[in-house]
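The structure appears right after this line, and notes come after that.
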Amino acid sequence: MEEDHTQIEAVARESLNSFATISETAKGHAESSHATSIQIADNSWTNPEADRNRRRIDQENAEDYRQLSLEPAIARVAVVDESGSETTYYICRAAPVAVGHKGIKLASYRSPVGRLAALPVGSDHTLYRDGHPISVEVREFARFQPKVVDGEWDARNSVVAGRAYGPLTVESLRKLLERAPGIDASLLDALLEEESEAKNVREGLRRSVITKMDLRDQPILDQYQDEIFRLPLNSRLLILGAPGTGKTTTLIRRLGQKLDIAFLEEDERRALGFGPRSRDTDHARDWVMFTPTELLKLYVKEAFNREDIPASDDRISTWSDYRDDLARNEFSILRSASNSSTFVMKGIAQTLKPVAQTDSIAWFDEFDDWQKFAFWEEMRISAKSLSENSAPEIERLGKNLLATIGPEGAETPQIFVSLLPIADVIRGVVEQRKKITDGEIRKSLNLQLNRDRGFLEDLGSFIESLSELIDDGEDQDVEDEDEINQPRVGRAAAVNHFMRVVRAQARARARRRNVPRTSRTGRILEWLSDRIPADADLQMIGSSLLIQSSLRWFINPVRRYVDAIPQRYRRYRRTKQAEGSWYEAEGFAATDIHPLEVDVILLAMMRASDELIRRAPRLEADENAAHRILLRMNRLYRTQVLVDEATDFSPIQLSCMATMARPGTRSFIACGDFNQRVTTWGARSIEQMQWVVPDIEKRSISIAYRQSKRLHELARELVALTGDRTAEVILSDYAENQGVRPVLALNINDVKTTAKWLAHRIVEIEEFVRELPSIAILVNSESEVRPVADALGEALLDNNIRVIPCPDGQVRGREGAVRVFNVEHIKGLEFEAVFFVGVDKLATSMPDVFDKYLYVGATRAATYLGITCEYFLPQPIDKLGHLFAERW
């Protein structure tokens with residue numbers, strides 16, 4: 001043992017000296033860089049762009065130097081190569097600097113050398129020196145959390161291992177070097193010194209207590225996580241693992257590595273369009289990550305900050321926020337001031353049958369097939385009607401269009417390319433006819449103005465009174481692009497409405513139909529009465545408008561193909577509602593739409609756009625009408641798309657996210673655990689994920705680091721009870737955390753009694769840990785958050801422990817406080833202690849996902865878990881009562 005101590009001391013001494021050398025070198029580089037920047041700024045009047053680029057690079061370097069001066073290294077690895085030559089590498093989180101000390105070889109964890117830090121002692125690895133492969137064996141490793149204490153470098157809770165010892169956890173490297181060799185003092189002093197050494201150096205891996213709400217900092221991944229971390233940029237992965245296995249950490253660390261161009265492989269650089277030495281900051285911003293809740297988003301952002309990855313709200317987002325913006329501002333699915341859509345999204349809209357949530361893939365596939373068939377069928381009908389027109393010019397156009405489209409079943413993106421040369425000819429014909437029909441309608445309007453100069457004001461006032469009445473879109477033709485975003489107030493708006501309703505009436509006359517009297521258009525026509533063109537004129541105008549409508553299909557068919565999907569969805573929903581399929585028969589307005597319906601429309605529009613970009617690149621040329629439609633999708637593309645807690649998202653939502661992965665890399669990484677799905681619409685199986693991304697590769701992480709052995713066993717029993725497949729998960733071989741049994745309190749059915757019981761348990765935890773760790777109280781609804789927090793705060797008043805209510809998952813206040821959450825917001829977080837309040841009530845209110853919430857909540861706790869029931873443990877977990885104690 002003395003020999004082992006000598007070896008560990010040598011490692012400690014060398015490491016602390018290296019920390020100081022690396023830190024001082026980084027500070028020197030920072031000062032030199034700052035001086036250079038000032039000099040460049042003073043001498044760069046002639047090339048401001050070069051100056052900006054240099055300043056940006058200097059700022060990035062300065063941040064690297066700053067980080068390195070504060071955290072010089074996170075690991076030390078000693079290896080021996082085939083010739084017996086030994087080399088020691090220090091691994092840093094930031095970009096390395098040239099130390100100028102022959103005994104210190106510094107490498108970034110993101111580099112290929114950084115892989116050594118994740119390997120256990122005895123592992124073989126291949127490195128490249130001067131372009132030649134060299135096999136090395138790991139002989140020693142040490143993993144650090146360095147910090148300056150009283151002006152000297154130290155490292156706390158370091159893990160060290162060698163061929164003859166370890167792994168060992170060293171509480172303090174500095175303290176290890178201060179031990180007195182050959183103690184010859186009194187027996188009492190010797191025994192105390194021996195005990196102190198035993199506490200400082202302990203066998204196995206010591207888990208640190210969770211004292212604040214943070215994603216655990218894991219500077220070095222284990223060898224299995226590290227393997228995923230280093231997979232190529234174009235990988236499409238599903239990372240599966242039980243709670244506490246480091247899925248999210250692996251996701252974040254991988255993103256950081258792939259954002260750093262310096263560590264990309266040559267083929268990855270080429271795919272991104274970079275040269276061997278280029279350094280592009282746009283790539284560092286070209287990613288997006290989705291989380292299911294706002295609280296988890298904030299939690300993950302903190303972890304990104306530790307990795308020095310800027311993570312603004314446009315890069316980390318909840319899907320609900322992102323979807324709302326896309327549906328309202330990009331794809332015009334939802335009504336807004338800038339579009340004429342009729343849909344109003346309501347989270348409580350009772351539009352869908354339960355099967356639409358549980359079998360969303362079949363629902364989407366049926367709709368997408370239906371709407372595509374409807375599009376091509378309507379296009380052929382339009383071309384056929386033109387080919388049968390009595391005007392020779394229109395007939396020739398129609399026959400040409402029919403031949404270009406081809407027979408049913410021949411639909412490909414190339415048809416849109418083939419239609420491009422005809423578009424300008426058709427536009428000229430439409431504009432000529434439109435000029436005539438608009439002239440006839442304006443002539444009628446001028447007649448009314450000559451009779452009544454206040455006609456437009458009266459019409460505008462009447463239209464304003466119909467603000468709550470919306471047409472359902474049955475007879476709304478997609479207008480020419482020039483008519484988008486027409487004025488909505490004033491005389492110009494009244495003119496626009498007059499023109500539109502007269503066109504609608506003229507088309508109806510030509511089709512021998514009637515405009516529905518209860519619709520918005522019908523009400524305006526009723527008010528206008530005989531103040532519109534005569535029937536004969538309407539018939540003539542309508543016939544020309546029908547020809548224009550048929551021709552307009554071919555001016556910009558891509559726009560019809562993509563942007564008319566919401567209109568086709570409205571018709572599909574009405575059809576299926578009548579059939580009793582997917583939708584409820586009644587109970588909602590024609591304008592109501594559920595968020596999951598918006599997802600379906602979004603995916604159809606995004607997939608259609610993506611397919612055209614990939615398979616018909618000529619459509620992206622600036623000079624054609626399709627460019628603007630496809631440019632929207634190009635703006636949405638990201639080089640990397642990441643998803644945390646993927647099983648909480650529906651396959652439709654996940655497919656929307658995957659479609660955003662840029663062609664050429666298609667990088668899509670999702671992580672999750674099917675046993676933690678807490679939404680009725682969430683992804684349920686590998687097969688569903690393969691529908692989302694057919695070539696997705698499943699990678700499993702099986703070593704858990706968060707929980708004690710007792711809580712780990714409880715989690716496995718909870719999964720087994722519900723009949724789900726138990727995730728393949730094991731605790732680390734060297735984990736020393738046995739933990740304590742979870743505690744249970746029955747027949748607690750009022751807030752005051754509950755608060756008193758919780759207060760006793762929390763005080764016990766503080767006495768065990770000697771400080772107040774991170775503690776979460778989970779209640780069953782938002783309405784319970786503040787009452788429980790207030791009662792518990794009063795019960796803990798004498799102990800000076802603060803209790804913070806977190807309504808809607810909003811985290812407020814300082815660390816060192818107990819927090820009360822609605823159980824719906826607990827996903828992805830971790831605490832030292834978690835308490836469930838009223839588990840039997842949760843089982844009653846959420847029977848479909850109760851077991852999932854219990855499993856998720858229980859696995860948020862690292863060591864302490866407490867459960868209260870208003871009466872008794874609900875089925876089926878009543879079978880696990882023997883695993884609980886009354887108190888710790």
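Letters for chains follow the order of the structure tokens (A, B, ...), residue numbers begin at 1 for each chain, and ligand numbers begin at 1 in the order shown.
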task: Name all residues at most 9 Å from Asp222 of chain A (count only C-alpha atoms; drop same-chain ones fewer than 5 positions away) and give them as a PyMOL selection string.
output: chain A and resi 117-120+227+703
Please write the residues from the selection above to a file, keeping N, CA and C atoms, as a JSON list (two decimals), in the first residue's frame.
[["chain", "number", "residue", "atom", "x", "y", "z"],
["A", 117, "ALA", "N", -8.52, 9.54, -22.61],
["A", 117, "ALA", "CA", -9.04, 9.87, -21.29],
["A", 117, "ALA", "C", -10.27, 9.07, -20.93],
["A", 118, "ALA", "N", -10.95, 8.49, -21.92],
["A", 118, "ALA", "CA", -12.17, 7.73, -21.66],
["A", 118, "ALA", "C", -11.91, 6.25, -21.48],
["A", 119, "LEU", "N", -10.69, 5.79, -21.75],
["A", 119, "LEU", "CA", -10.39, 4.36, -21.74],
["A", 119, "LEU", "C", -9.89, 3.89, -20.39],
["A", 120, "PRO", "N", -10.26, 2.69, -19.96],
["A", 120, "PRO", "CA", -9.76, 2.15, -18.70],
["A", 120, "PRO", "C", -8.30, 1.68, -18.83],
["A", 227, "GLU", "N", -17.31, 6.81, -27.44],
["A", 227, "GLU", "CA", -17.39, 6.23, -28.79],
["A", 227, "GLU", "C", -18.48, 6.90, -29.60],
["A", 703, "ILE", "N", -24.38, 2.04, -18.50],
["A", 703, "ILE", "CA", -23.81, 2.26, -17.17],
["A", 703, "ILE", "C", -24.42, 3.51, -16.56]]
For the interface of segment 596-617 of chain A with segment 353-366 of chain A (cut-off 10 Å, counting only C-alpha atoms), please tabulate each contacting residue of segment 596-617 of chain A alongside its nearest pair of atoms and their separation in Å to one decimal, rows sorted by chain and increasing number, as CSV.
residue,atom,partner,partner_atom,distance
A:Leu596,CA,A:Gln357,CA,7.9
A:Glu597,CA,A:Ala356,CA,9.3
A:Asp599,CA,A:Phe364,CA,9.5
A:Val600,CA,A:Phe364,CA,6.1
A:Ile601,CA,A:Phe364,CA,8.7
A:Leu603,CA,A:Phe364,CA,8.7
A:Ala604,CA,A:Phe364,CA,8.3
message: as a list in words, please: every residue in segment 538-657 of chain A that a backbone DSSP assignment puts in strand (DSSP E).
response: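 Selection result, strand (DSSP E) within segment 538-657 of chain A: Asp592, Ile593, Gln640, Val641, Leu642 and Val643 of chain A.
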task: Write out as a ChimeraX atom specification all residues of segment 564-807 of chain A that backbone DSSP assigns to helix (DSSP H, G or I).
output: /A:565-579,595-615,617-620,627-636,646-648,651-659,674-676,686-692,709-721,751-769,782-795,797-799,807
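Residues within 9 Å of Trp553 of chain A, counting only C-alpha atoms and excluding same-chain residues fewer than 4 positions away, are Met379, Ser382, Ala383, Val478, Gln548, Ser549, Pro557, Arg559 and Arg560 of chain A.
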Save the residues we just selected, N, CA, C and O atoms, as a PDB file, in the first residue's frame?
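Okay, this is what ended up in again34.pdb:
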ATOM      1  N   MET A 379     -54.655  19.016 -60.542  1.00  0.00           N
ATOM      2  CA  MET A 379     -53.801  19.571 -61.595  1.00  0.00           C
ATOM      3  C   MET A 379     -54.189  18.982 -62.953  1.00  0.00           C
ATOM      4  O   MET A 379     -54.291  19.712 -63.961  1.00  0.00           O
ATOM      5  N   SER A 382     -57.453  20.448 -64.112  1.00  0.00           N
ATOM      6  CA  SER A 382     -57.267  21.807 -64.635  1.00  0.00           C
ATOM      7  C   SER A 382     -56.684  21.766 -66.050  1.00  0.00           C
ATOM      8  O   SER A 382     -57.135  22.492 -66.947  1.00  0.00           O
ATOM      9  N   ALA A 383     -55.672  20.935 -66.253  1.00  0.00           N
ATOM     10  CA  ALA A 383     -55.078  20.840 -67.583  1.00  0.00           C
ATOM     11  C   ALA A 383     -56.075  20.306 -68.603  1.00  0.00           C
ATOM     12  O   ALA A 383     -56.137  20.771 -69.755  1.00  0.00           O
ATOM     13  N   VAL A 478     -56.407  29.663 -54.461  1.00  0.00           N
ATOM     14  CA  VAL A 478     -55.115  30.259 -54.133  1.00  0.00           C
ATOM     15  C   VAL A 478     -54.881  31.386 -55.124  1.00  0.00           C
ATOM     16  O   VAL A 478     -54.794  31.153 -56.327  1.00  0.00           O
ATOM     17  N   GLN A 548     -58.707  31.339 -65.656  1.00  0.00           N
ATOM     18  CA  GLN A 548     -57.550  31.881 -64.934  1.00  0.00           C
ATOM     19  C   GLN A 548     -57.128  30.947 -63.800  1.00  0.00           C
ATOM     20  O   GLN A 548     -55.929  30.714 -63.575  1.00  0.00           O
ATOM     21  N   SER A 549     -58.121  30.423 -63.069  1.00  0.00           N
ATOM     22  CA  SER A 549     -57.808  29.517 -61.955  1.00  0.00           C
ATOM     23  C   SER A 549     -57.095  28.267 -62.451  1.00  0.00           C
ATOM     24  O   SER A 549     -56.131  27.801 -61.839  1.00  0.00           O
ATOM     25  N   PRO A 557     -46.679  25.982 -59.705  1.00  0.00           N
ATOM     26  CA  PRO A 557     -47.268  24.764 -59.142  1.00  0.00           C
ATOM     27  C   PRO A 557     -46.615  24.332 -57.834  1.00  0.00           C
ATOM     28  O   PRO A 557     -47.250  23.668 -57.014  1.00  0.00           O
ATOM     29  N   ARG A 559     -45.818  26.269 -55.421  1.00  0.00           N
ATOM     30  CA  ARG A 559     -46.549  26.957 -54.347  1.00  0.00           C
ATOM     31  C   ARG A 559     -47.859  26.238 -54.045  1.00  0.00           C
ATOM     32  O   ARG A 559     -48.249  26.080 -52.897  1.00  0.00           O
ATOM     33  N   ARG A 560     -48.556  25.819 -55.099  1.00  0.00           N
ATOM     34  CA  ARG A 560     -49.791  25.049 -54.891  1.00  0.00           C
ATOM     35  C   ARG A 560     -49.502  23.731 -54.185  1.00  0.00           C
ATOM     36  O   ARG A 560     -50.262  23.301 -53.325  1.00  0.00           O
TER      37      ARG A 560
END
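Near Glu457 of chain A, within 9 Å and counting only C-alpha atoms, sit A:Arg453, A:Gly454, A:Gly460, A:Ser461, A:Phe462, A:Gly490, A:Arg491, A:Ala494; same-chain residues fewer than 3 positions away were not included.
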task: Compile the contact shell of Thr659 of chain A as a list in words: residues with an atom at most 9 Å away, counting only C-alpha atoms, same-chain residues fewer than 6 positions apart removed.
output: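 Residues near the query, excluding close chain neighbours: Leu603, Met606, Arg607, Asp610, Tyr637 and Arg666 of chain A.
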query: For Arg638 of chain A, which of A:Val288, A:Ile877, A:Ala510, A:Val489 is the closest residue, counting only C-alpha atoms?
result: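 Under the stated criterion, the closest residue is A:Val288.
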field: For atom CA of Asn800 of chain A and atom CA of Arg706 of chain A, the interatomic separation in Å (one decimal)
entry: 28.0 Å
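For Gln875 of chain A, the list of residues within 12 Å, based on only C-alpha atoms and with local chain neighbours fewer than 5 positions off taken out, reads Leu718, Leu721, Thr722, Val839, Asp840, Lys841, Leu842, Ala843, Thr844, Pro847, Phe850, Asp851, Leu880 and Gly881 of chain A.
Restricting the calculation to only C-alpha atoms, the smallest distance between Arg662 of chain A and any of A:Ala26, A:Leu272, A:Ala536, A:Ala374 is found for A:Leu272.
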Just want the 12 Å neighbourhood of Glu645 of chain A, counted on only C-alpha atoms, with same-chain residues fewer than 5 positions away dropped. Output as an mmCIF file with N, CA and C atoms, in the first residue's frame.
data_model
loop_
_atom_site.group_PDB
_atom_site.id
_atom_site.type_symbol
_atom_site.label_atom_id
_atom_site.label_comp_id
_atom_site.auth_asym_id
_atom_site.auth_seq_id
_atom_site.Cartn_x
_atom_site.Cartn_y
_atom_site.Cartn_z
ATOM 1 N N LEU A 238 -29.967 7.249 -32.503
ATOM 2 C CA LEU A 238 -30.880 7.242 -31.366
ATOM 3 C C LEU A 238 -30.105 6.679 -30.185
ATOM 4 N N ILE A 239 -29.840 7.527 -29.188
ATOM 5 C CA ILE A 239 -29.101 7.108 -28.001
ATOM 6 C C ILE A 239 -30.115 6.725 -26.928
ATOM 7 N N LEU A 240 -30.134 5.455 -26.582
ATOM 8 C CA LEU A 240 -31.076 4.953 -25.582
ATOM 9 C C LEU A 240 -30.326 4.616 -24.297
ATOM 10 N N GLY A 241 -30.969 4.843 -23.181
ATOM 11 C CA GLY A 241 -30.355 4.506 -21.910
ATOM 12 C C GLY A 241 -31.284 4.856 -20.765
ATOM 13 N N ALA A 242 -31.131 4.138 -19.672
ATOM 14 C CA ALA A 242 -31.939 4.392 -18.485
ATOM 15 C C ALA A 242 -31.549 5.734 -17.868
ATOM 16 N N PRO A 243 -32.328 6.236 -16.913
ATOM 17 C CA PRO A 243 -31.991 7.502 -16.259
ATOM 18 C C PRO A 243 -30.604 7.454 -15.630
ATOM 19 N N LYS A 247 -27.001 10.309 -21.141
ATOM 20 C CA LYS A 247 -27.402 10.475 -22.543
ATOM 21 C C LYS A 247 -27.298 11.945 -22.974
ATOM 22 N N THR A 248 -27.892 12.823 -22.163
ATOM 23 C CA THR A 248 -27.888 14.241 -22.517
ATOM 24 C C THR A 248 -26.474 14.802 -22.511
ATOM 25 N N LEU A 251 -24.811 13.876 -25.652
ATOM 26 C CA LEU A 251 -25.364 14.691 -26.730
ATOM 27 C C LEU A 251 -24.684 16.058 -26.777
ATOM 28 N N MET A 289 -31.477 22.430 -31.051
ATOM 29 C CA MET A 289 -31.774 21.334 -30.121
ATOM 30 C C MET A 289 -33.175 21.541 -29.560
ATOM 31 N N PHE A 290 -33.934 20.455 -29.498
ATOM 32 C CA PHE A 290 -35.308 20.517 -28.999
ATOM 33 C C PHE A 290 -35.426 19.775 -27.670
ATOM 34 N N THR A 291 -36.185 20.379 -26.742
ATOM 35 C CA THR A 291 -36.491 19.743 -25.465
ATOM 36 C C THR A 291 -38.001 19.780 -25.276
ATOM 37 N N PRO A 292 -38.555 18.878 -24.477
ATOM 38 C CA PRO A 292 -40.012 18.850 -24.325
ATOM 39 C C PRO A 292 -40.574 19.920 -23.393
ATOM 40 N N THR A 293 -39.773 20.463 -22.471
ATOM 41 C CA THR A 293 -40.295 21.433 -21.512
ATOM 42 C C THR A 293 -39.370 22.633 -21.390
ATOM 43 N N LEU A 296 -36.580 22.030 -18.687
ATOM 44 C CA LEU A 296 -35.461 21.230 -19.182
ATOM 45 C C LEU A 296 -34.600 22.045 -20.137
ATOM 46 N N LYS A 297 -35.229 22.925 -20.898
ATOM 47 C CA LYS A 297 -34.477 23.806 -21.788
ATOM 48 C C LYS A 297 -33.498 24.665 -20.985
ATOM 49 N N VAL A 300 -30.619 22.505 -19.637
ATOM 50 C CA VAL A 300 -29.643 22.113 -20.650
ATOM 51 C C VAL A 300 -28.784 23.304 -21.073
ATOM 52 N N THR A 318 -38.174 24.604 -27.020
ATOM 53 C CA THR A 318 -39.201 23.568 -26.892
ATOM 54 C C THR A 318 -39.870 23.426 -28.255
ATOM 55 N N TRP A 319 -40.372 22.240 -28.563
ATOM 56 C CA TRP A 319 -41.027 22.058 -29.855
ATOM 57 C C TRP A 319 -42.282 22.915 -29.939
ATOM 58 N N SER A 650 -43.976 13.126 -30.405
ATOM 59 C CA SER A 650 -44.648 12.191 -31.305
ATOM 60 C C SER A 650 -43.745 11.884 -32.490
ATOM 61 N N LEU A 654 -41.022 14.434 -34.274
ATOM 62 C CA LEU A 654 -39.630 14.034 -34.491
ATOM 63 C C LEU A 654 -39.269 14.072 -35.979
ATOM 64 N N ILE A 669 -29.375 13.576 -34.127
ATOM 65 C CA ILE A 669 -29.057 12.801 -32.936
ATOM 66 C C ILE A 669 -30.165 13.008 -31.910
ATOM 67 N N ALA A 670 -30.776 11.928 -31.485
ATOM 68 C CA ALA A 670 -31.828 12.000 -30.468
ATOM 69 C C ALA A 670 -31.464 11.068 -29.317
ATOM 70 N N CYS A 671 -31.867 11.443 -28.111
ATOM 71 C CA CYS A 671 -31.637 10.551 -26.974
ATOM 72 C C CYS A 671 -32.919 10.437 -26.166
ATOM 73 N N GLY A 672 -33.067 9.319 -25.479
ATOM 74 C CA GLY A 672 -34.275 9.119 -24.691
ATOM 75 C C GLY A 672 -34.339 7.724 -24.105
ATOM 76 N N ASP A 673 -35.500 7.421 -23.550
ATOM 77 C CA ASP A 673 -35.746 6.144 -22.878
ATOM 78 C C ASP A 673 -37.233 5.863 -22.998
ATOM 79 N N PHE A 674 -37.604 4.786 -23.689
ATOM 80 C CA PHE A 674 -39.028 4.490 -23.893
ATOM 81 C C PHE A 674 -39.774 4.323 -22.571
ATOM 82 N N ASN A 675 -39.075 3.876 -21.533
ATOM 83 C CA ASN A 675 -39.725 3.725 -20.232
ATOM 84 C C ASN A 675 -40.032 5.065 -19.571
ATOM 85 N N GLN A 676 -39.451 6.144 -20.089
ATOM 86 C CA GLN A 676 -39.693 7.470 -19.500
ATOM 87 C C GLN A 676 -40.685 8.301 -20.307
ATOM 88 N N ARG A 677 -41.351 7.709 -21.275
ATOM 89 C CA ARG A 677 -42.336 8.465 -22.054
ATOM 90 C C ARG A 677 -43.503 8.881 -21.164
ATOM 91 N N VAL A 678 -43.761 10.214 -21.084
ATOM 92 C CA VAL A 678 -44.835 10.699 -20.212
ATOM 93 C C VAL A 678 -45.903 11.454 -21.001
ATOM 94 N N THR A 679 -45.971 11.248 -22.317
ATOM 95 C CA THR A 679 -47.035 11.825 -23.129
ATOM 96 C C THR A 679 -47.762 10.694 -23.847
ATOM 97 N N GLY A 682 -46.294 10.256 -27.351
ATOM 98 C CA GLY A 682 -44.857 10.078 -27.496
ATOM 99 C C GLY A 682 -44.463 8.821 -28.244
ATOM 100 N N ALA A 683 -43.233 8.819 -28.770
ATOM 101 C CA ALA A 683 -42.709 7.666 -29.513
ATOM 102 C C ALA A 683 -42.613 6.453 -28.592
ATOM 103 N N ILE A 826 -40.861 17.496 -14.280
ATOM 104 C CA ILE A 826 -39.697 16.883 -13.651
ATOM 105 C C ILE A 826 -38.753 16.229 -14.650
ATOM 106 N N LYS A 827 -39.192 16.068 -15.899
ATOM 107 C CA LYS A 827 -38.414 15.305 -16.871
ATOM 108 C C LYS A 827 -37.009 15.872 -17.059
ATOM 109 N N GLY A 828 -36.016 14.978 -16.977
ATOM 110 C CA GLY A 828 -34.649 15.336 -17.306
ATOM 111 C C GLY A 828 -33.835 15.933 -16.178
ATOM 112 N N LEU A 829 -34.468 16.306 -15.067
ATOM 113 C CA LEU A 829 -33.735 16.926 -13.963
ATOM 114 C C LEU A 829 -33.166 15.861 -13.034
ATOM 115 N N VAL A 856 -40.213 8.026 -13.779
ATOM 116 C CA VAL A 856 -39.376 9.189 -14.090
ATOM 117 C C VAL A 856 -39.031 9.947 -12.817
#
message: Rounded to one decimal, what separation in Å do you get between atom CA of Cys656 of chain A and atom CA of Ile252 of chain A?
response: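 Between these atoms lies a distance of 20.9 Å.
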- prompt: Which of these, A:Ile524, A:Ser390, A:Ala776, A:Ala720, has the shortest distance to Lys879 of chain A once you count only C-alpha atoms?
  reply: A:Ala720
